[in-house]
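**Q** I'd like to ask some things about the structure below.
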Amino acid sequence: MTDTLLVTGASGQLGRSVINHLLDTFKVPAARIIATTRTPESLADLAARGVDVREANFDDRASLAKAFKGADRVLVISTNELAIHGKRREQQLAAVAAAKLAGVAHLHYTSMPNTEPGSPVLFAPDHYDTEQAIKASGIPYTIFRNGWYDENLFMSLPQTLASGHWYTSTGDGRISYGARDDLAAAIAAGLASGAKESTTYTLTGPKAYTVAEVAALVTEVTGKPIQVVQLSDDALTEGMKAAGLPEPIARLLVSFDAATRVGGLGMVTDSVEKLSGRKSVSLKQFLETNKAKLAG
């Protein structure tokens with residue numbers, strides 16, 4: 001396979017990890033890899049290895065079409081523009097249009113599980129509309145519906161450990177946490193595979209956990225007890241606002257708990273291991289490896 005592979009958001013954590021796997025795990029020659037970013041200077045080390053680093057701005061459709069030129073297989077990593085409602089959707093639809101204009105042969109996209117209408121996750125429509133645009137484009141595609149990263153726990157666990165209380169509205173719902181690097185390896189494998197048929201994968205960790213089960217694992221690793229406190233969505237939102245979070249962010253975070261409670265984030269698949277060819281890291285292994293980070 002001699003396709004040229006392009007990764008957007010290459011200076012982000014997932015994009016960088018995907019490119020590292022292309023180079024080091026799957027031995028794709030650097031000359032066949034294009035890395036796009038708004039800040040090319042941040043990828044000087046990849047350029048030094050022979051990767052074609054290009055500037056691309058999701059707010060500038062012309063720059064995207066120019067950056068995508070000559071790429072056979074493009075991975076569009078969903079943007080992190082969440083502050084302005086609808087902005088991420090607009091950016092990602094621009095990327096799909098640019099891929100069509102540039103004559104891309106196969107389009108890859110990082111989505112989330114269960115994007116269909118009715119999802120409690122407030123940004124699920126961004127992903128659903130992007131998936132629909134990809135399908136309508138006529139470009140063969142691979143959609144990676146990424147589950148929740150283990151690393152997401154770092155956003156709340158330091159505060160949880162400090163207070164000894166985990167406030168949640170998840171009930172008995174489960175999340176199939178997976179290590180970001182494991183998902184990146186699977187995505188890199190799909191990008192490098194040369195597969196031509198259109199496919200959708202849901203990428204998850206090897207097991208789904210309730211908040212109580214995660215708390216028990218964290219206590220086992222750190223020795224610090226955690227009391228799980230179940231609240232209503234409204235009470236949890238008000239508590240987050242009282243702690244200083246802007247209301248839109250509080251409502252977004254609580255929507256994750258609501259989705260968990262109704263089973264939207266608990267699916268477990270073996271797609272990561274099948275694609276990457278390696279065993280996934282368990283949540284306990286991840287916590288043990290990153291014990292120092294849990295304290296913030």
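If you're wondering about the labels, chains in the structure tokens are A, B, ... by order shown, residues count from 1 in each chain, ligands from 1 in order shown.
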Need to verify the contact set: Ser78 of chain A, 10 Å, only C-alpha atoms, exclusion of same-chain residues closer than 5 positions in sequence. Can you return it as number ranges by chain?

**A** A: 8-9, 88-89, 91-92, 95, 109-112, 126-127, 130

**Q** Export, as a short mmCIF file (atom, residue, chain, number, x, y, z; two decimals), in the first residue's frame, the selected residues with C-alpha atoms.

**A**
```cif
data_model
loop_
_atom_site.label_atom_id
_atom_site.label_comp_id
_atom_site.auth_asym_id
_atom_site.auth_seq_id
_atom_site.Cartn_x
_atom_site.Cartn_y
_atom_site.Cartn_z
CA THR A 8 -5.64 16.52 11.14
CA GLY A 9 -5.16 17.93 14.63
CA ARG A 88 -17.57 22.33 15.90
CA ARG A 89 -20.31 21.08 13.58
CA GLN A 91 -15.81 23.17 11.26
CA GLN A 92 -16.25 19.46 10.67
CA ALA A 95 -13.55 19.43 6.50
CA TYR A 109 -13.47 10.42 11.28
CA THR A 110 -13.35 10.22 15.08
CA SER A 111 -16.87 10.31 16.47
CA MET A 112 -18.49 9.09 19.71
CA ASP A 126 -22.23 17.61 16.09
CA HIS A 127 -20.98 14.08 15.55
CA THR A 130 -20.78 15.05 10.57
#
```

**Q** Could you name the residues that touch segment 55-58 of chain A at 9 Å or less, counting only C-alpha atoms, but leaving out those on the same chain fewer than 5 positions away, as a PyMOL selection string?

**A** chain A and resi 8-9+35-40+63-68+79+88+90-92+94-95

**Q** For atom CA of Thr219 of chain A and atom CA of Leu287 of chain A, determine how far apart the two atoms are, in Å to one decimal place.

**A**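 So the two atoms, atom CA of Thr219 of chain A and atom CA of Leu287 of chain A, lie 10.3 Å apart.
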
**Q** Could you please write out, as a PyMOL selection string, every residue of segment 21-154 of chain A that DSSP assigns to alpha helix (DSSP H)?

**A** chain A and resi 44-48+61-68+87-102+124-137

**Q** Can those selected residues be exported to a file as a PDB file, in the first residue's frame so that it contains C-alpha atoms?

**A**
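And here's part.pdb as it stands now:
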```
ATOM      1  CA  ALA A  44       9.121  20.503  14.053  1.00  0.00           C
ATOM      2  CA  ASP A  45      10.250  17.119  15.345  1.00  0.00           C
ATOM      3  CA  LEU A  46       7.930  15.312  12.931  1.00  0.00           C
ATOM      4  CA  ALA A  47       9.089  17.496  10.060  1.00  0.00           C
ATOM      5  CA  ALA A  48      12.670  16.558  10.969  1.00  0.00           C
ATOM      6  CA  ARG A  61     -12.321  25.893   4.150  1.00  0.00           C
ATOM      7  CA  ALA A  62      -9.867  26.963   1.437  1.00  0.00           C
ATOM      8  CA  SER A  63      -6.919  26.189   3.702  1.00  0.00           C
ATOM      9  CA  LEU A  64      -8.351  22.737   4.372  1.00  0.00           C
ATOM     10  CA  ALA A  65      -8.764  21.922   0.680  1.00  0.00           C
ATOM     11  CA  LYS A  66      -5.197  23.075   0.061  1.00  0.00           C
ATOM     12  CA  ALA A  67      -3.869  21.018   2.978  1.00  0.00           C
ATOM     13  CA  PHE A  68      -5.757  17.895   1.857  1.00  0.00           C
ATOM     14  CA  LYS A  87     -19.025  25.847  15.876  1.00  0.00           C
ATOM     15  CA  ARG A  88     -17.573  22.335  15.896  1.00  0.00           C
ATOM     16  CA  ARG A  89     -20.308  21.076  13.582  1.00  0.00           C
ATOM     17  CA  GLU A  90     -19.541  23.914  11.162  1.00  0.00           C
ATOM     18  CA  GLN A  91     -15.814  23.172  11.257  1.00  0.00           C
ATOM     19  CA  GLN A  92     -16.250  19.458  10.667  1.00  0.00           C
ATOM     20  CA  LEU A  93     -18.710  19.885   7.815  1.00  0.00           C
ATOM     21  CA  ALA A  94     -16.140  22.207   6.231  1.00  0.00           C
ATOM     22  CA  ALA A  95     -13.550  19.429   6.503  1.00  0.00           C
ATOM     23  CA  VAL A  96     -15.861  16.941   4.784  1.00  0.00           C
ATOM     24  CA  ALA A  97     -16.519  19.407   1.966  1.00  0.00           C
ATOM     25  CA  ALA A  98     -12.781  20.077   1.629  1.00  0.00           C
ATOM     26  CA  ALA A  99     -12.045  16.348   1.427  1.00  0.00           C
ATOM     27  CA  LYS A 100     -14.578  16.027  -1.388  1.00  0.00           C
ATOM     28  CA  LEU A 101     -13.070  19.010  -3.203  1.00  0.00           C
ATOM     29  CA  ALA A 102      -9.546  17.620  -2.811  1.00  0.00           C
ATOM     30  CA  ALA A 124     -23.780  14.313  20.074  1.00  0.00           C
ATOM     31  CA  PRO A 125     -25.582  16.193  17.245  1.00  0.00           C
ATOM     32  CA  ASP A 126     -22.226  17.610  16.092  1.00  0.00           C
ATOM     33  CA  HIS A 127     -20.975  14.078  15.547  1.00  0.00           C
ATOM     34  CA  TYR A 128     -24.225  12.759  14.077  1.00  0.00           C
ATOM     35  CA  ASP A 129     -24.433  15.549  11.519  1.00  0.00           C
ATOM     36  CA  THR A 130     -20.778  15.046  10.570  1.00  0.00           C
ATOM     37  CA  GLU A 131     -21.327  11.307  10.119  1.00  0.00           C
ATOM     38  CA  GLN A 132     -24.339  12.011   7.907  1.00  0.00           C
ATOM     39  CA  ALA A 133     -22.357  14.521   5.829  1.00  0.00           C
ATOM     40  CA  ILE A 134     -19.599  11.969   5.334  1.00  0.00           C
ATOM     41  CA  LYS A 135     -22.095   9.356   4.165  1.00  0.00           C
ATOM     42  CA  ALA A 136     -23.773  11.860   1.850  1.00  0.00           C
ATOM     43  CA  SER A 137     -20.425  12.894   0.325  1.00  0.00           C
TER      44      SER A 137
END
```

**Q** Calculate how many Å separate atom CA of Ser119 of chain A from atom CA of Leu82 of chain A, rounding to one decimal.

**A**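 These two atoms are separated by 16.8 Å.
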
**Q** Residues of segment 193-230 of chain A that have any atom at most 10 Å from an atom of segment 145-160 of chain A: could you tabulate them with the shortest-distance atom pair and the distance in Å to one decimal, using only C-alpha atoms, ordered by chain and increasing number, as a tab-separated table?

**A**
```
residue	atom	partner	partner_atom	distance
A:Thr200	CA	A:Arg145	CA	7.3
A:Tyr201	CA	A:Arg145	CA	5.9
A:Thr202	CA	A:Arg145	CA	4.5
A:Leu203	CA	A:Asn146	CA	4.9
A:Thr204	CA	A:Gly147	CA	4.9
A:Gly205	CA	A:Gly147	CA	7.5
A:Val214	CA	A:Leu153	CA	9.7
A:Ala215	CA	A:Leu157	CA	9.2
A:Val218	CA	A:Leu157	CA	8.8
A:Pro225	CA	A:Thr160	CA	9.9
A:Ile226	CA	A:Thr160	CA	7.4
A:Gln227	CA	A:Thr160	CA	9.1
A:Val228	CA	A:Thr160	CA	9.5
```

**Q** I'd like the contact shell of Glu247 of chain A - 10 Å cut-off, only C-alpha atoms, skipping same-chain residues fewer than 6 positions apart - returned as a PyMOL selection string.

**A** chain A and resi 237-238+240-241+253

**Q** A:Phe286, A:Trp166, A:Phe256, A:Phe26: which is nearest Gly178 of chain A, counting only C-alpha atoms?

**A**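 Among the listed residues, A:Phe286 lies closest to Gly178 of chain A.
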
**Q** Would you kindly return, as a list in words, each protein, DNA or RNA residue with an atom no farther than 6 Å from any atom of Arg261 of chain A, considering only C-alpha atoms and excluding same-chain residues fewer than 4 positions away?

**A**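 Surrounding residues, per the criterion: Thr170, Gly171 and Gly173 of chain A.
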
**Q** In Å, how far is it from atom CA of Ala208 of chain A to atom CA of Thr142 of chain A?

**A**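 Atom-to-atom, atom CA of Ala208 of chain A and atom CA of Thr142 of chain A are spaced 24.2 Å apart.
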
**Q** When you look at Thr25 of chain A with a cut-off of 9 Å (counting only C-alpha atoms), what residues show up, excluding the ones that are within fewer than 6 positions of it in the same chain? I need them as a list of chain:residue names.

**A**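 The contact residues come out as A:Ala185, A:Ala188, A:Ala189.
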
**Q** Please, could you write that set of residues out with C-alpha atoms as an mmCIF file, in the first residue's frame?

**A**
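Final output, saved to part13.cif:
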```cif
data_model
loop_
_atom_site.group_PDB
_atom_site.id
_atom_site.type_symbol
_atom_site.label_atom_id
_atom_site.label_comp_id
_atom_site.auth_asym_id
_atom_site.auth_seq_id
_atom_site.Cartn_x
_atom_site.Cartn_y
_atom_site.Cartn_z
ATOM 1 C CA ALA A 185 -3.197 2.450 17.843
ATOM 2 C CA ALA A 188 -3.657 4.213 13.069
ATOM 3 C CA ALA A 189 -4.125 0.592 12.064
#
```

**Q** Closest to Ser271 of chain A among A:Thr4, A:Thr199, A:Ser163, A:Ser42, using only C-alpha atoms?

**A** A:Thr199
